[in-house]
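Down below is the structure, laid out as structure tokens.
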Amino acid sequence: MSKPPIAAIKAHALVSPFGTRTDNYYWLNERESPEVLDYLKAENAYFDQQMAPAKGLEERLFQEMKGRIREQDESVPFRDNGYYYYVRFVEGGEYPVYCRKPGSLEATEEVLLDGNALSQNHEYYHIGGLEVSDDNRTLAYSEDTVSRRLYTLRFRNLETGQLYPEAIANTSGSAVWATDNQTVFYTRKDPDTLLDYQLWRHRLGTDPALDELVYEEIDTAFYLHVHRSKSREYVFLSIGSTMSAEVRYLRSDAPQAGLQVFLAREDDHLYEVEHFGPDFYVLSNDAAPNFQLLKTPATATAKANWQVVVAHREEVFLENMELFREYLVLGERQEGLLRLRVIRWADGQEHYLAFGEPTYTAAISINPEFDTPVLRYGYSSLTTPTSTFDYDMDTRAKTLLKEQTVLGSFRKDDYVTERQYAPAADGTLIPLSIVYRKGFERNGKAPLLQYAYGSYGLSMDATFSASRLSLLDRGFAYVICHIRGGQELGRQWYEGGKKLRKMNTFTDFTDCSQFLIAEKYTSADTLFAMGGSAGGLLMGAVLNLHPELYKGVVAAVPFVDVVTTMLDESIPLTTGEYDEWGNPNQQQFYDYMLSYSPYDNVRAQAYPNLLVTTGLHDSQVQYFEPAKWVAKLRANKTDRNLLLLHTDLSAGHGGASGRFQSLRDTARHYAFMLLLLGARQ
């Protein structure tokens, strides 16, 4: 197959109040159509043919990345309700084995779940949430065997090892026990829209058909999440959209009670609640864009009773909190970097943990117990493998419990990290996190992979990747662009890259590209860009804006047909996205989306080499968006560069399951880039 498959043109009119568009490839929406499946398979065959010269390289990359992983490995145990819990991997195993030991790490191991055994006979397998009852006798867990993020909830007797007969389908994957060890709360998803919209109450050992509906959310812009307070005294139902939140709750020792409203939802008010002693603690952005911490008596949750614990600061984004008997720990962001702040309740004395690298990630880890002076936290950087620390807040002593093992010749001192700032067109400085191997020369000739996301207020922090070493050791630099639309520099950073300011996200990225070229980190002949999901939208937009800047682009599971998707409420997750992109049923948002939607802006011009990936069962970005985009690009582009589509016919948004098989995706991306540079080995 020397020529690529050409998708049939079947004109379809997309009518809206603000105009009619013609979609020639709308027919690719029909997932079960033999014609659609044949087209996707033909694209896969073309991909295989075009990548054949790099097949050996791809396999070598996979083996190289797999070879850095210690196959027999174990997480750092944490103590909860009298047991030590941990996850281990066995040699040759793709999936985790969840374990615990009673009372002491010297005790006999109990296996809760063996993912390798459970995954047999499934092409895709993923374990969702695990929750053990208060009496430590029963495990609630969930599994997804399709990759649609529709989890089946199951129950296992931990004393006998036997499964209970019930299996509850279409859940979000998480479950919460009441203190009676019999009642379980879970949220159910709409199988079409994939929104968590119902809270149900289940009695262990009974027919799920008898379950009670506790709450149903009718506003499709909101989704549900059920969880339990650290104190175990309350069950919380968090009801959230991008810009608004509401919390309802009940006591976990009164599971048959109705939900109480903590504070009714308000426009532009996000908040979350935790419980400690006689009070609820509230992280809120009400009149505090970067959030503040307040508390209120558990018996009086109205705003009039809220008292400030940590006030709002314009230069610091308050991201999360962890409550201990003697200490309060805050996760903060300042100048794009995470900081951990420790405050002693008794006298207000406070301090920050020191980390000593120019760019890094530090985050509060699993801390289920109140009565301890020890904070468990995680640390990583572009050169430091993921590490787990215990920090004694009394003595301020750090103890490294584990650093991710990287097999082979890796030495962190062989690599260099930098923090740079690229000027955007409007004068805004965009932070860049950069890593490369020592010996890298800024002469404008080196290959460089530029990555970003830039949506939903998600911050792309500088973390370690063992697989990335395969690029760095071949002379690449790797750069994370902390563009607007993320939340690295606070709430205003997010607000500056959403809705009617979304174009900032795209121009920030291309301005970073121009900066990297001007500063001779790379050149247009050796610069690669990569993004996935909403970051795939970013890739599509920058390809239309500045295709001349890039040698090649990898767009993974890209959201590229913005207007059509956002007008179709039947497509999963659409209505919950209005706060992010705007509602195209209003003309100002329709027109603005249309101005940047990658699919709508494909035109007759030269595009760089492009690899597009998707999954047939993708729950977040439907497979037909990238498929249609590739078909339209084929019909319009004026160059002879590679345009490849690879569809995983058995996976979804996250790609293949399993810790090794997922590396196949990474090896495929890297081989594509290296092939374009002439590499075959």
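How things are named: the first chain in the structure tokens is A, the next is B, and so on; residues count from 1 in each chain; ligands count from 1 in the order shown.
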- stretch 72-75 of chain A environment, 12 Å, only C-alpha atoms, sequence neighbours closer than 2 positions dropped, as a ChimeraX atom specification: /A:68-70,77-78,84-100,366,386-388,401-407
- Please return as a ChimeraX atom specification: the residues of stretch 441-641 of chain A that backbone DSSP assigns to helix (DSSP H, G or I). /A:469-472,491-495,499-501,503-518,534-545,547-549,562-567,575-581,587-596,624-636
Please build the interface table for stretch 469-535 of chain A against stretch 337-352 of chain A with a cut-off of 12 Å, listing for each qualifying residue the nearest atom pair and the distance in Å to one decimal; count only C-alpha atoms, order rows by chain and increasing number, and write it as JSON lines.
```
{"residue": "A:His482", "atom": "CA", "partner": "A:Leu337", "partner_atom": "CA", "distance": 10.7}
{"residue": "A:Gln487", "atom": "CA", "partner": "A:Leu337", "partner_atom": "CA", "distance": 10.6}
{"residue": "A:Glu488", "atom": "CA", "partner": "A:Leu337", "partner_atom": "CA", "distance": 7.1}
{"residue": "A:Leu489", "atom": "CA", "partner": "A:Leu337", "partner_atom": "CA", "distance": 8.1}
{"residue": "A:Gly490", "atom": "CA", "partner": "A:Leu337", "partner_atom": "CA", "distance": 10.3}
```
Expected file contents, prior selection, all heavy atoms, as a PDB file, in the first residue's frame:
```
ATOM      1  N   HIS A 482       4.521  25.729  30.141  1.00  0.00           N
ATOM      2  CA  HIS A 482       3.449  25.939  31.120  1.00  0.00           C
ATOM      3  C   HIS A 482       2.542  27.071  30.642  1.00  0.00           C
ATOM      4  O   HIS A 482       2.503  28.168  31.213  1.00  0.00           O
ATOM      5  CB  HIS A 482       4.055  26.217  32.489  1.00  0.00           C
ATOM      6  CG  HIS A 482       5.015  25.158  32.948  1.00  0.00           C
ATOM      7  ND1 HIS A 482       4.600  23.911  33.361  1.00  0.00           N
ATOM      8  CD2 HIS A 482       6.374  25.138  33.008  1.00  0.00           C
ATOM      9  CE1 HIS A 482       5.659  23.181  33.693  1.00  0.00           C
ATOM     10  NE2 HIS A 482       6.746  23.906  33.478  1.00  0.00           N
ATOM     11  N   GLN A 487      -2.932  25.870  35.316  1.00  0.00           N
ATOM     12  CA  GLN A 487      -3.097  26.653  36.544  1.00  0.00           C
ATOM     13  C   GLN A 487      -1.770  26.808  37.290  1.00  0.00           C
ATOM     14  O   GLN A 487      -1.744  27.069  38.481  1.00  0.00           O
ATOM     15  CB  GLN A 487      -4.135  25.969  37.436  1.00  0.00           C
ATOM     16  CG  GLN A 487      -4.837  26.894  38.398  1.00  0.00           C
ATOM     17  CD  GLN A 487      -6.172  26.354  38.846  1.00  0.00           C
ATOM     18  OE1 GLN A 487      -7.191  26.990  38.650  1.00  0.00           O
ATOM     19  NE2 GLN A 487      -6.204  25.193  39.456  1.00  0.00           N
ATOM     20  N   GLU A 488      -0.669  26.672  36.548  1.00  0.00           N
ATOM     21  CA  GLU A 488       0.636  26.716  37.182  1.00  0.00           C
ATOM     22  C   GLU A 488       0.902  28.035  37.903  1.00  0.00           C
ATOM     23  O   GLU A 488       1.572  28.055  38.927  1.00  0.00           O
ATOM     24  CB  GLU A 488       1.744  26.478  36.138  1.00  0.00           C
ATOM     25  CG  GLU A 488       1.841  25.061  35.618  1.00  0.00           C
ATOM     26  CD  GLU A 488       0.997  24.813  34.377  1.00  0.00           C
ATOM     27  OE1 GLU A 488       0.008  25.568  34.160  1.00  0.00           O
ATOM     28  OE2 GLU A 488       1.302  23.873  33.629  1.00  0.00           O
ATOM     29  N   LEU A 489       0.400  29.134  37.360  1.00  0.00           N
ATOM     30  CA  LEU A 489       0.649  30.441  37.967  1.00  0.00           C
ATOM     31  C   LEU A 489      -0.601  31.012  38.630  1.00  0.00           C
ATOM     32  O   LEU A 489      -0.755  32.221  38.755  1.00  0.00           O
ATOM     33  CB  LEU A 489       1.196  31.426  36.922  1.00  0.00           C
ATOM     34  CG  LEU A 489       2.725  31.405  36.739  1.00  0.00           C
ATOM     35  CD1 LEU A 489       3.164  30.120  36.056  1.00  0.00           C
ATOM     36  CD2 LEU A 489       3.198  32.606  35.943  1.00  0.00           C
ATOM     37  N   GLY A 490      -1.505  30.139  39.037  1.00  0.00           N
ATOM     38  CA  GLY A 490      -2.694  30.596  39.742  1.00  0.00           C
ATOM     39  C   GLY A 490      -3.930  30.626  38.869  1.00  0.00           C
ATOM     40  O   GLY A 490      -3.905  30.315  37.679  1.00  0.00           O
TER      41      GLY A 490
END
```
- Item | Among the residues A:Thr299, A:Asn601, A:Ser381, A:Thr526, the one that comes closest to A:Ser513 [using only C-alpha atoms] |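 Distance minimum relative to A:Ser513 lands on A:Thr526.
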- Query: Hey, what's within 10 Å of A:Leu676 if we count only C-alpha atoms and toss same-chain stuff fewer than 2 positions away? As a list in words, please?
  - Reply: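 The filter keeps Ala54, Asp525, Thr526, Lys551, Gly552, Asn609, Asn641, Leu642, Ala671, Phe672, Met673, Leu674, Gly678, Ala679 and Arg680 of chain A.
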Could you turn the residues from that selection into a file that holds N, CA, C and O atoms, as a JSON list (two decimals), in the first residue's frame?
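Saved result, out-v7.json, follows:
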```json
[["chain", "number", "residue", "atom", "x", "y", "z"],
["A", 54, "ALA", "N", 11.22, 1.68, 10.48],
["A", 54, "ALA", "CA", 11.59, 1.93, 11.87],
["A", 54, "ALA", "C", 11.06, 0.85, 12.80],
["A", 54, "ALA", "O", 11.08, 1.02, 14.03],
["A", 525, "ASP", "N", 13.75, 22.57, 11.60],
["A", 525, "ASP", "CA", 14.04, 21.28, 10.97],
["A", 525, "ASP", "C", 14.18, 20.15, 11.98],
["A", 525, "ASP", "O", 14.23, 18.97, 11.59],
["A", 526, "THR", "N", 14.25, 20.51, 13.27],
["A", 526, "THR", "CA", 14.46, 19.47, 14.29],
["A", 526, "THR", "C", 13.52, 19.62, 15.48],
["A", 526, "THR", "O", 13.69, 18.95, 16.50],
["A", 551, "LYS", "N", 9.08, 20.12, 12.57],
["A", 551, "LYS", "CA", 9.46, 18.99, 11.73],
["A", 551, "LYS", "C", 8.38, 17.92, 11.78],
["A", 551, "LYS", "O", 8.05, 17.29, 10.77],
["A", 552, "GLY", "N", 7.86, 17.69, 12.97],
["A", 552, "GLY", "CA", 6.82, 16.67, 13.14],
["A", 552, "GLY", "C", 6.00, 16.93, 14.38],
["A", 552, "GLY", "O", 6.44, 17.61, 15.31],
["A", 609, "ASN", "N", 5.08, 16.74, 9.19],
["A", 609, "ASN", "CA", 4.80, 15.32, 9.41],
["A", 609, "ASN", "C", 3.92, 15.17, 10.66],
["A", 609, "ASN", "O", 4.14, 15.85, 11.67],
["A", 641, "ASN", "N", 4.62, 15.25, 3.15],
["A", 641, "ASN", "CA", 5.06, 14.78, 4.45],
["A", 641, "ASN", "C", 4.17, 13.63, 4.93],
["A", 641, "ASN", "O", 3.04, 13.45, 4.46],
["A", 642, "LEU", "N", 4.69, 12.88, 5.89],
["A", 642, "LEU", "CA", 3.93, 11.76, 6.44],
["A", 642, "LEU", "C", 2.69, 12.24, 7.18],
["A", 642, "LEU", "O", 2.74, 13.21, 7.96],
["A", 671, "ALA", "N", 9.64, 6.42, 17.82],
["A", 671, "ALA", "CA", 10.15, 5.88, 16.55],
["A", 671, "ALA", "C", 9.73, 6.77, 15.39],
["A", 671, "ALA", "O", 10.51, 6.98, 14.44],
["A", 672, "PHE", "N", 8.52, 7.31, 15.46],
["A", 672, "PHE", "CA", 8.05, 8.24, 14.42],
["A", 672, "PHE", "C", 8.97, 9.44, 14.31],
["A", 672, "PHE", "O", 9.40, 9.82, 13.21],
["A", 673, "MET", "N", 9.32, 10.03, 15.44],
["A", 673, "MET", "CA", 10.17, 11.21, 15.42],
["A", 673, "MET", "C", 11.59, 10.88, 14.95],
["A", 673, "MET", "O", 12.17, 11.60, 14.14],
["A", 674, "LEU", "N", 12.11, 9.79, 15.47],
["A", 674, "LEU", "CA", 13.47, 9.42, 15.10],
["A", 674, "LEU", "C", 13.58, 9.01, 13.64],
["A", 674, "LEU", "O", 14.59, 9.28, 12.98],
["A", 678, "GLY", "N", 16.02, 10.40, 10.30],
["A", 678, "GLY", "CA", 16.89, 9.49, 9.57],
["A", 678, "GLY", "C", 17.38, 8.31, 10.36],
["A", 678, "GLY", "O", 18.19, 7.52, 9.86],
["A", 679, "ALA", "N", 16.90, 8.17, 11.61],
["A", 679, "ALA", "CA", 17.37, 7.05, 12.44],
["A", 679, "ALA", "C", 16.69, 5.76, 12.03],
["A", 679, "ALA", "O", 15.53, 5.74, 11.64],
["A", 680, "ARG", "N", 17.42, 4.67, 12.14],
["A", 680, "ARG", "CA", 16.87, 3.34, 11.88],
["A", 680, "ARG", "C", 17.18, 2.39, 13.04],
["A", 680, "ARG", "O", 16.74, 1.26, 13.03]]
```
- Task: List the neighbours of A:Glu59 out to 12 Å using only C-alpha atoms; skip same-chain residues closer than 2 positions along the sequence, and give me the result as number ranges by chain.
- Result: A: 51-57, 61-67, 661, 663-671, 680-681
- Run DSSP on the backbone of this structure and report the residues of stretch 98-285 of chain A it assigns to strand (DSSP E or B), as a ChimeraX atom specification. /A:98-102,110-114,126-132,138-144,151-157,163,168-177,183-189,196-203,212-216,223-228,234-240,245-251,260-263,271-276,279-284
- Item | For atom CA of A:Tyr327 and atom CA of A:Asp392, the interatomic separation in Å (one decimal) |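 Pair atom CA of A:Tyr327 / atom CA of A:Asp392 returns 10.9 Å.
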- Task: Enter the distance from atom CA of A:Thr383 to atom CA of A:Val612, in Å, rounded to one decimal.
- Result: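 A separation of 28.6 Å between them.
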- Might you pull out every residue within 7 Å of stretch 164-175 of chain A, with only C-alpha atoms counted and same-chain residues fewer than 4 positions away left off, and present them as an NGL selection string? :A and (128-129 or 131 or 140 or 142 or 150-156 or 184-189 or 191 or 196 or 205 or 207-208)
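Between atom CA of A:Ala117 and atom CA of A:Val176 there is a distance of 25.1 Å.
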- Query: For A:Gly444, which residue among A:Ser533, A:Thr522, A:Ser365, A:Ser244 is the nearest when counting only C-alpha atoms?
  - Reply: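 Nearest to A:Gly444: A:Thr522.
Ranking A:Met460, A:Ser570, A:Phe262, A:Val630 by their shortest atom-to-atom distance to A:Leu195, with only C-alpha atoms included, puts A:Ser570 first.
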- Task: Determine the nearest neighbour of A:Thr206 from the options A:Thr183, A:Asn504, A:Asn44, A:Thr145, counting only C-alpha atoms.
- Result: A:Thr183
- Nearest to A:Ala221: which of A:Leu112, A:Ala245, A:Leu237, A:Ile483 is it, counting only C-alpha atoms?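 Selected residue with least distance to A:Ala221: A:Ala245.
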